[in-house]
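Pasting query-v7.pdb here (PDB, C-alpha atoms):
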ATOM      1  CA  MET A   1     -49.517  13.594  31.938
ATOM      2  CA  ARG A   2     -46.891  14.555  34.487
ATOM      3  CA  ALA A   3     -47.874  14.592  38.173
ATOM      4  CA  ASP A   4     -48.348  18.368  38.167
ATOM      5  CA  GLU A   5     -50.504  18.123  35.044
ATOM      6  CA  VAL A   6     -52.638  15.455  36.693
ATOM      7  CA  SER A   7     -53.180  17.663  39.735
ATOM      8  CA  LYS A   8     -54.151  20.671  37.633
ATOM      9  CA  ASN A   9     -56.422  18.596  35.404
ATOM     10  CA  ASN A  10     -58.279  17.112  38.365
ATOM     11  CA  GLN A  11     -58.484  20.490  40.056
ATOM     12  CA  ALA A  12     -60.160  21.975  36.973
ATOM     13  CA  GLY A  13     -62.240  18.822  36.598
ATOM     14  CA  TRP A  14     -63.852  19.238  39.998
ATOM     15  CA  ASP A  15     -64.577  22.870  39.198
ATOM     16  CA  ARG A  16     -66.472  21.562  36.172
ATOM     17  CA  ARG A  17     -68.284  18.971  38.263
ATOM     18  CA  VAL A  18     -69.602  21.761  40.485
ATOM     19  CA  GLU A  19     -71.064  23.398  37.385
ATOM     20  CA  GLU A  20     -72.717  20.083  36.501
ATOM     21  CA  GLN A  21     -74.011  19.564  40.078
ATOM     22  CA  ASP A  22     -72.248  16.266  40.652
ATOM     23  CA  VAL A  23     -73.677  14.468  43.694
ATOM     24  CA  TRP A  24     -70.526  15.245  45.723
ATOM     25  CA  THR A  25     -70.819  18.982  45.051
ATOM     26  CA  ARG A  26     -74.345  19.633  46.332
ATOM     27  CA  PRO A  27     -74.373  21.546  49.632
ATOM     28  CA  VAL A  28     -76.323  20.374  52.654
ATOM     29  CA  SER A  29     -79.667  21.988  53.376
ATOM     30  CA  SER A  30     -80.646  24.358  56.175
ATOM     31  CA  GLN A  31     -82.729  21.497  57.581
ATOM     32  CA  ASP A  32     -79.617  19.293  57.777
ATOM     33  CA  VAL A  33     -77.755  22.004  59.655
ATOM     34  CA  ALA A  34     -80.697  22.588  62.027
ATOM     35  CA  ARG A  35     -80.872  18.875  62.882
ATOM     36  CA  THR A  36     -77.129  18.815  63.447
ATOM     37  CA  ARG A  37     -77.371  21.651  65.951
ATOM     38  CA  LEU A  38     -79.834  19.497  67.869
ATOM     39  CA  GLY A  39     -77.365  16.615  67.930
ATOM     40  CA  ASP A  40     -78.889  14.609  65.067
ATOM     41  CA  TRP A  41     -76.170  14.313  62.421
ATOM     42  CA  SER A  42     -74.141  11.944  60.309
ATOM     43  CA  VAL A  43     -71.527  12.199  57.562
ATOM     44  CA  VAL A  44     -70.115   9.733  55.050
ATOM     45  CA  LEU A  45     -66.630   8.755  53.951
ATOM     46  CA  THR A  46     -68.117   6.383  51.359
ATOM     47  CA  PRO A  47     -71.372   6.507  49.356
ATOM     48  CA  HIS A  48     -73.892   4.892  51.713
ATOM     49  CA  ILE A  49     -72.832   3.963  55.236
ATOM     50  CA  PRO A  50     -72.708   6.797  57.799
ATOM     51  CA  VAL A  51     -69.475   6.906  59.756
ATOM     52  CA  PRO A  52     -70.089   5.484  63.260
ATOM     53  CA  ARG A  53     -70.304   8.334  65.755
ATOM     54  CA  ASP A  54     -67.871   6.635  68.112
ATOM     55  CA  TRP A  55     -65.174   6.987  65.442
ATOM     56  CA  PHE A  56     -65.207  10.728  66.196
ATOM     57  CA  GLY A  57     -65.393  10.826  69.962
ATOM     58  CA  GLU A  58     -66.624  14.174  71.253
ATOM     59  CA  VAL A  59     -66.684  16.537  68.246
ATOM     60  CA  GLY A  60     -67.367  19.786  70.086
ATOM     61  CA  GLY A  61     -64.239  21.933  70.326
ATOM     62  CA  LYS A  62     -62.069  19.670  68.170
ATOM     63  CA  ASP A  63     -59.849  21.027  65.404
ATOM     64  CA  ILE A  64     -60.871  19.019  62.339
ATOM     65  CA  LEU A  65     -59.274  18.999  58.909
ATOM     66  CA  ALA A  66     -61.757  18.026  56.185
ATOM     67  CA  LEU A  67     -59.169  16.819  53.671
ATOM     68  CA  ALA A  68     -60.064  16.839  49.954
ATOM     69  CA  SER A  69     -63.586  17.207  51.301
ATOM     70  CA  GLY A  70     -65.009  20.326  49.657
ATOM     71  CA  GLY A  71     -68.542  20.529  48.323
ATOM     72  CA  GLY A  72     -70.498  22.008  51.214
ATOM     73  CA  GLN A  73     -71.334  18.645  52.755
ATOM     74  CA  GLN A  74     -69.211  17.124  55.521
ATOM     75  CA  GLY A  75     -67.384  20.291  56.622
ATOM     76  CA  PRO A  76     -70.494  22.341  57.451
ATOM     77  CA  ILE A  77     -72.096  19.433  59.318
ATOM     78  CA  LEU A  78     -69.019  18.978  61.492
ATOM     79  CA  ALA A  79     -68.886  22.738  62.097
ATOM     80  CA  ALA A  80     -72.562  22.780  63.083
ATOM     81  CA  ALA A  81     -71.790  19.915  65.481
ATOM     82  CA  GLY A  82     -69.358  22.214  67.291
ATOM     83  CA  ALA A  83     -65.969  21.491  65.721
ATOM     84  CA  ARG A  84     -63.455  24.048  64.486
ATOM     85  CA  VAL A  85     -63.312  22.939  60.856
ATOM     86  CA  THR A  86     -60.819  23.668  58.101
ATOM     87  CA  VAL A  87     -61.909  22.407  54.671
ATOM     88  CA  PHE A  88     -58.931  21.740  52.405
ATOM     89  CA  ASP A  89     -59.529  21.012  48.722
ATOM     90  CA  ALA A  90     -57.902  21.568  45.330
ATOM     91  CA  SER A  91     -61.082  22.919  43.735
ATOM     92  CA  ALA A  92     -61.925  26.562  44.358
ATOM     93  CA  ARG A  93     -65.534  25.933  43.385
ATOM     94  CA  GLN A  94     -65.838  23.044  45.804
ATOM     95  CA  LEU A  95     -64.540  25.285  48.570
ATOM     96  CA  ALA A  96     -67.001  27.968  47.507
ATOM     97  CA  GLN A  97     -69.813  25.512  48.305
ATOM     98  CA  ASP A  98     -68.575  25.253  51.899
ATOM     99  CA  GLU A  99     -68.189  29.007  52.144
ATOM    100  CA  ALA A 100     -71.741  29.504  50.878
ATOM    101  CA  VAL A 101     -73.201  27.135  53.479
ATOM    102  CA  ALA A 102     -71.162  28.752  56.247
ATOM    103  CA  ALA A 103     -72.410  32.216  55.245
ATOM    104  CA  ARG A 104     -76.001  31.020  54.910
ATOM    105  CA  GLU A 105     -76.028  29.266  58.288
ATOM    106  CA  GLY A 106     -73.707  31.489  60.318
ATOM    107  CA  LEU A 107     -71.113  28.752  60.756
ATOM    108  CA  SER A 108     -67.494  29.319  61.708
ATOM    109  CA  LEU A 109     -65.554  27.435  59.051
ATOM    110  CA  THR A 110     -62.216  28.013  57.317
ATOM    111  CA  THR A 111     -61.325  27.004  53.758
ATOM    112  CA  ARG A 112     -57.855  26.507  52.288
ATOM    113  CA  GLN A 113     -56.989  25.558  48.730
ATOM    114  CA  GLY A 114     -54.290  22.987  47.976
ATOM    115  CA  PHE A 115     -53.469  19.431  46.983
ATOM    116  CA  MET A 116     -53.909  16.574  49.441
ATOM    117  CA  HIS A 117     -50.270  15.448  49.279
ATOM    118  CA  ASP A 118     -48.983  18.882  50.377
ATOM    119  CA  LEU A 119     -50.224  20.136  53.740
ATOM    120  CA  SER A 120     -47.317  22.563  54.201
ATOM    121  CA  ALA A 121     -49.877  25.303  54.888
ATOM    122  CA  PHE A 122     -50.322  23.696  58.330
ATOM    123  CA  ASP A 123     -47.917  23.344  61.238
ATOM    124  CA  ASP A 124     -47.100  20.017  62.855
ATOM    125  CA  ALA A 125     -49.767  18.787  65.290
ATOM    126  CA  SER A 126     -52.444  21.253  64.129
ATOM    127  CA  PHE A 127     -55.508  18.993  64.221
ATOM    128  CA  ASP A 128     -57.309  16.535  66.483
ATOM    129  CA  LEU A 129     -59.000  14.681  63.625
ATOM    130  CA  ILE A 130     -58.741  14.390  59.844
ATOM    131  CA  PHE A 131     -61.837  13.516  57.808
ATOM    132  CA  HIS A 132     -60.749  12.292  54.365
ATOM    133  CA  PRO A 133     -63.580  10.881  52.217
ATOM    134  CA  VAL A 134     -62.990   8.871  49.034
ATOM    135  CA  SER A 135     -60.732  11.090  46.939
ATOM    136  CA  ASN A 136     -57.215   9.674  46.842
ATOM    137  CA  CYS A 137     -58.148   7.892  43.600
ATOM    138  CA  PHE A 138     -57.412  11.292  42.034
ATOM    139  CA  ALA A 139     -53.830  11.331  43.368
ATOM    140  CA  PRO A 140     -50.986   9.516  41.565
ATOM    141  CA  GLU A 141     -49.291   8.687  44.887
ATOM    142  CA  ILE A 142     -50.831   8.316  48.320
ATOM    143  CA  LEU A 143     -47.922   7.606  50.658
ATOM    144  CA  PRO A 144     -47.165  11.368  50.785
ATOM    145  CA  VAL A 145     -50.808  11.930  51.789
ATOM    146  CA  TRP A 146     -50.547   9.545  54.741
ATOM    147  CA  ARG A 147     -47.228  11.032  55.858
ATOM    148  CA  GLU A 148     -48.644  14.555  55.799
ATOM    149  CA  CYS A 149     -51.743  13.443  57.694
ATOM    150  CA  PHE A 150     -49.555  11.933  60.395
ATOM    151  CA  ARG A 151     -47.488  15.108  60.646
ATOM    152  CA  VAL A 152     -50.391  17.533  61.079
ATOM    153  CA  LEU A 153     -52.299  15.358  63.571
ATOM    154  CA  ARG A 154     -51.788  15.699  67.306
ATOM    155  CA  THR A 155     -50.783  12.666  69.328
ATOM    156  CA  GLY A 156     -53.907  10.611  69.967
ATOM    157  CA  GLY A 157     -55.641  12.180  66.970
ATOM    158  CA  ALA A 158     -57.571  10.106  64.442
ATOM    159  CA  LEU A 159     -57.514   9.819  60.662
ATOM    160  CA  LEU A 160     -60.856   8.768  59.168
ATOM    161  CA  ALA A 161     -60.315   7.850  55.519
ATOM    162  CA  GLY A 162     -62.406   6.452  52.688
ATOM    163  CA  PHE A 163     -60.954   4.921  49.534
ATOM    164  CA  MET A 164     -61.789   2.746  46.539
ATOM    165  CA  ASN A 165     -61.382  -1.009  46.449
ATOM    166  CA  PRO A 166     -58.682  -1.418  43.785
ATOM    167  CA  MET A 167     -60.691  -4.266  42.230
ATOM    168  CA  VAL A 168     -63.081  -1.764  40.627
ATOM    169  CA  TYR A 169     -60.326  -0.784  38.204
ATOM    170  CA  VAL A 170     -59.820  -4.204  36.619
ATOM    171  CA  PHE A 171     -63.000  -3.892  34.537
ATOM    172  CA  ASP A 172     -63.572  -2.476  31.069
ATOM    173  CA  ALA A 173     -65.441   0.800  31.683
ATOM    174  CA  ALA A 174     -67.252   0.715  28.337
ATOM    175  CA  ALA A 175     -68.549  -2.784  29.064
ATOM    176  CA  GLU A 176     -69.683  -1.711  32.536
ATOM    177  CA  GLU A 177     -71.847   0.969  30.944
ATOM    178  CA  ARG A 178     -73.564  -1.843  29.011
ATOM    179  CA  GLY A 179     -74.105  -3.778  32.229
ATOM    180  CA  GLU A 180     -71.256  -6.239  31.652
ATOM    181  CA  LEU A 181     -68.280  -6.934  33.899
ATOM    182  CA  ILE A 182     -65.294  -7.795  31.720
ATOM    183  CA  VAL A 183     -61.836  -8.027  33.257
ATOM    184  CA  LYS A 184     -59.439  -5.904  31.189
ATOM    185  CA  HIS A 185     -56.821  -4.065  33.232
ATOM    186  CA  ALA A 186     -53.919  -5.287  35.341
ATOM    187  CA  LEU A 187     -53.444  -3.535  38.664
ATOM    188  CA  PRO A 188     -52.298  -1.057  39.737
ATOM    189  CA  TYR A 189     -54.310   0.892  37.188
ATOM    190  CA  ALA A 190     -54.092   4.504  35.988
ATOM    191  CA  ASP A 191     -56.203   6.198  33.323
ATOM    192  CA  ILE A 192     -53.142   8.003  31.997
ATOM    193  CA  THR A 193     -51.137   4.813  31.376
ATOM    194  CA  HIS A 194     -53.768   2.154  30.654
ATOM    195  CA  LEU A 195     -55.962   4.035  28.188
ATOM    196  CA  PRO A 196     -54.931   4.796  24.604
ATOM    197  CA  PRO A 197     -54.713   8.553  23.873
ATOM    198  CA  ASP A 198     -58.058   8.821  22.081
ATOM    199  CA  GLU A 199     -59.886   6.933  24.827
ATOM    200  CA  LEU A 200     -58.156   9.008  27.508
ATOM    201  CA  ASP A 201     -59.288  12.181  25.728
ATOM    202  CA  ARG A 202     -62.871  10.888  25.698
ATOM    203  CA  ARG A 203     -62.664   9.976  29.392
ATOM    204  CA  VAL A 204     -61.416  13.446  30.348
ATOM    205  CA  ALA A 205     -64.045  15.106  28.145
ATOM    206  CA  ARG A 206     -66.778  13.109  29.891
ATOM    207  CA  ASP A 207     -65.586  12.876  33.505
ATOM    208  CA  HIS A 208     -63.154  15.854  33.542
ATOM    209  CA  THR A 209     -60.812  13.929  35.845
ATOM    210  CA  VAL A 210     -58.381  11.017  35.720
ATOM    211  CA  GLU A 211     -58.167   8.275  38.331
ATOM    212  CA  PHE A 212     -55.620   5.895  39.822
ATOM    213  CA  SER A 213     -56.089   2.604  41.610
ATOM    214  CA  HIS A 214     -53.918   2.102  44.672
ATOM    215  CA  THR A 215     -53.079  -1.226  46.233
ATOM    216  CA  LEU A 216     -54.413  -2.172  49.640
ATOM    217  CA  GLU A 217     -50.770  -2.314  50.651
ATOM    218  CA  ALA A 218     -50.485   1.396  49.828
ATOM    219  CA  GLN A 219     -53.873   2.258  51.335
ATOM    220  CA  ILE A 220     -53.738   0.347  54.627
ATOM    221  CA  GLY A 221     -50.072  -0.559  54.773
ATOM    222  CA  GLY A 222     -49.233   3.019  53.847
ATOM    223  CA  GLN A 223     -51.086   4.330  56.887
ATOM    224  CA  LEU A 224     -49.210   1.868  59.093
ATOM    225  CA  GLN A 225     -45.907   2.834  57.458
ATOM    226  CA  ALA A 226     -46.627   6.489  58.200
ATOM    227  CA  GLY A 227     -46.957   5.582  61.895
ATOM    228  CA  PHE A 228     -50.698   5.127  62.352
ATOM    229  CA  VAL A 229     -52.388   2.338  64.298
ATOM    230  CA  LEU A 230     -55.517   0.991  62.594
ATOM    231  CA  THR A 231     -58.497   0.659  64.945
ATOM    232  CA  HIS A 232     -61.609   0.151  62.789
ATOM    233  CA  MET A 233     -62.760  -0.347  59.207
ATOM    234  CA  PHE A 234     -65.863  -1.117  57.168
ATOM    235  CA  GLU A 235     -66.745  -1.783  53.519
ATOM    236  CA  ASP A 236     -69.381  -0.058  51.378
ATOM    237  CA  ARG A 237     -70.778  -0.195  47.849
ATOM    238  CA  ASP A 238     -71.412   2.185  44.967
ATOM    239  CA  GLY A 239     -73.560   5.295  45.054
ATOM    240  CA  GLY A 240     -76.217   3.815  42.737
ATOM    241  CA  ALA A 241     -78.369   0.821  43.521
ATOM    242  CA  PRO A 242     -76.043  -1.301  45.697
ATOM    243  CA  ASP A 243     -77.442  -4.599  44.393
ATOM    244  CA  THR A 244     -76.625  -3.952  40.722
ATOM    245  CA  GLY A 245     -73.492  -3.822  38.607
ATOM    246  CA  ARG A 246     -70.187  -4.512  40.331
ATOM    247  CA  SER A 247     -71.745  -3.764  43.733
ATOM    248  CA  ALA A 248     -73.775  -6.956  43.396
ATOM    249  CA  TYR A 249     -70.514  -8.906  43.560
ATOM    250  CA  PHE A 250     -68.129  -7.119  45.924
ATOM    251  CA  PRO A 251     -67.714  -4.014  48.091
ATOM    252  CA  THR A 252     -66.406  -1.155  45.953
ATOM    253  CA  CYS A 253     -64.939   1.033  48.662
ATOM    254  CA  MET A 254     -63.939   0.983  52.303
ATOM    255  CA  ALA A 255     -63.285   3.252  55.258
ATOM    256  CA  THR A 256     -60.663   3.082  57.994
ATOM    257  CA  ARG A 257     -60.052   4.729  61.339
ATOM    258  CA  ALA A 258     -56.435   5.044  62.439
ATOM    259  CA  VAL A 259     -54.857   6.905  65.350
ATOM    260  CA  LYS A 260     -51.527   8.617  65.887
TER
END

Rewritten as structure tokens:
Amino acid sequence: MRADEVSKNNQAGWDRRVEEQDVWTRPVSSQDVARTRLGDWSVVLTPHIPVPRDWFGEVGGKDILALASGGGQQGPILAAAGARVTVFDASARQLAQDEAVAAREGLSLTTRQGFMHDLSAFDDASFDLIFHPVSNCFAPEILPVWRECFRVLRTGGALLAGFMNPMVYVFDAAAEERGELIVKHALPYADITHLPPDELDRRVARDHTVEFSHTLEAQIGGQLQAGFVLTHMFEDRDGGAPDTGRSAYFPTCMATRAVK
């Protein structure tokens, strides 16, 4: 697949995942929004650990870009907390989840469709904060993402980003489904280059998307190269039982806070 084919495939794949009610496509409830309006809220960049509230500062009145963050989850919560939120995502159906919550709850929230590496829809210094949950595993390159984030943030603004530990991609996926961890792939890994054509076809038929590992040099060093200063980070584990499978042995994802 060429880069444009990857983007279109993953865009359509997330539309399909909405149809299948993937965990990251299920909108927040009215009860969640009501609690948020009372000041009781949290959001996640990674599967389990809520992002520390002090990573945000005062949310009320901030211009926040929820980057590759459709699904009716984080964007509506941040809007209910008082932020001016723009949800930006490649999937029209993911954005429709945010629009549905906003209409249901009377929230002021904007949606824009596009790919995370191209934020040309926004002027320089448009946002006070970018909230970017685990999603850059669906992008072939991530340095353009960090550069665009830096451009559209205001001075002093923060980038909150979640991403996969590249180690998760060394294992044989078929063996993992049997409960075995067998090292198979050299890093950096990409479905489109490491899998034989028939296996890639089966992967796309099942998951609808293709993924890419990215080095920690590209993830953390890439933010620094773009001009950010890293201030905080934490590690997290998979969305299932955190004491089973690969999560029993190492953190599978991490989150960073960096400022411009």

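Residues within 12 Å of Pro52 in chain A, counting only C-alpha atoms and excluding same-chain residues fewer than 4 positions away, are Trp41, Ser42, Val43, Val44, Leu45, Phe56, Gly57, Leu160, His232, Met233, Phe234, Ala255, Thr256 and Arg257 of chain A.
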
Discussion item. Please list as a ChimeraX atom specification every residue within 7 Å of range 161-170 of chain A, counting all atoms listed in the file and excluding residues in the same chain fewer than 3 positions away.
Written reply: /A:45-46,131-137,183-187,189,213-215,252-257

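Once the PyMOL selection byres ((chain A and resi 75) around 8) is applied to the depicted file, the selected set reads Ala66, Ser69, Gly70, Gly72, Gln73, Gln74, Pro76, Ile77, Leu78, Ala79, Val85, Thr86, Val87, Asp98 and Leu109 of chain A.
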
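CA of Asp89 in chain A lies 23.9 Å from CA of Gly227 in chain A.
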
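You can rank A:Pro242, A:Met116, A:Gly106, A:Arg151 by their closest distance to Ala226 in chain A using all atoms listed in the file, and at the top of that list sits A:Arg151.
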
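Evaluated against the shown file, the PyMOL selection byres ((chain A and resi 3) around 12) gives Met1, Arg2, Asp4, Glu5, Val6, Ser7, Lys8, Asn9, Asn10, Phe115, His117, Phe138, Ala139, Pro140, Glu141, Ile192, Val210 and Phe212 of chain A.
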
Item to complete: On this file, the PyMOL selection byres ((chain A and resi 230) around 7) gives some set of residues; write that set as a ChimeraX atom specification.
Response: /A:228-229,231-232,257-259

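When all atoms listed in the file are used to compute distances to Leu181 in chain A, the closest of the residues A:Arg53, A:His208, A:Arg246, A:Arg147 turns out to be A:Arg246.
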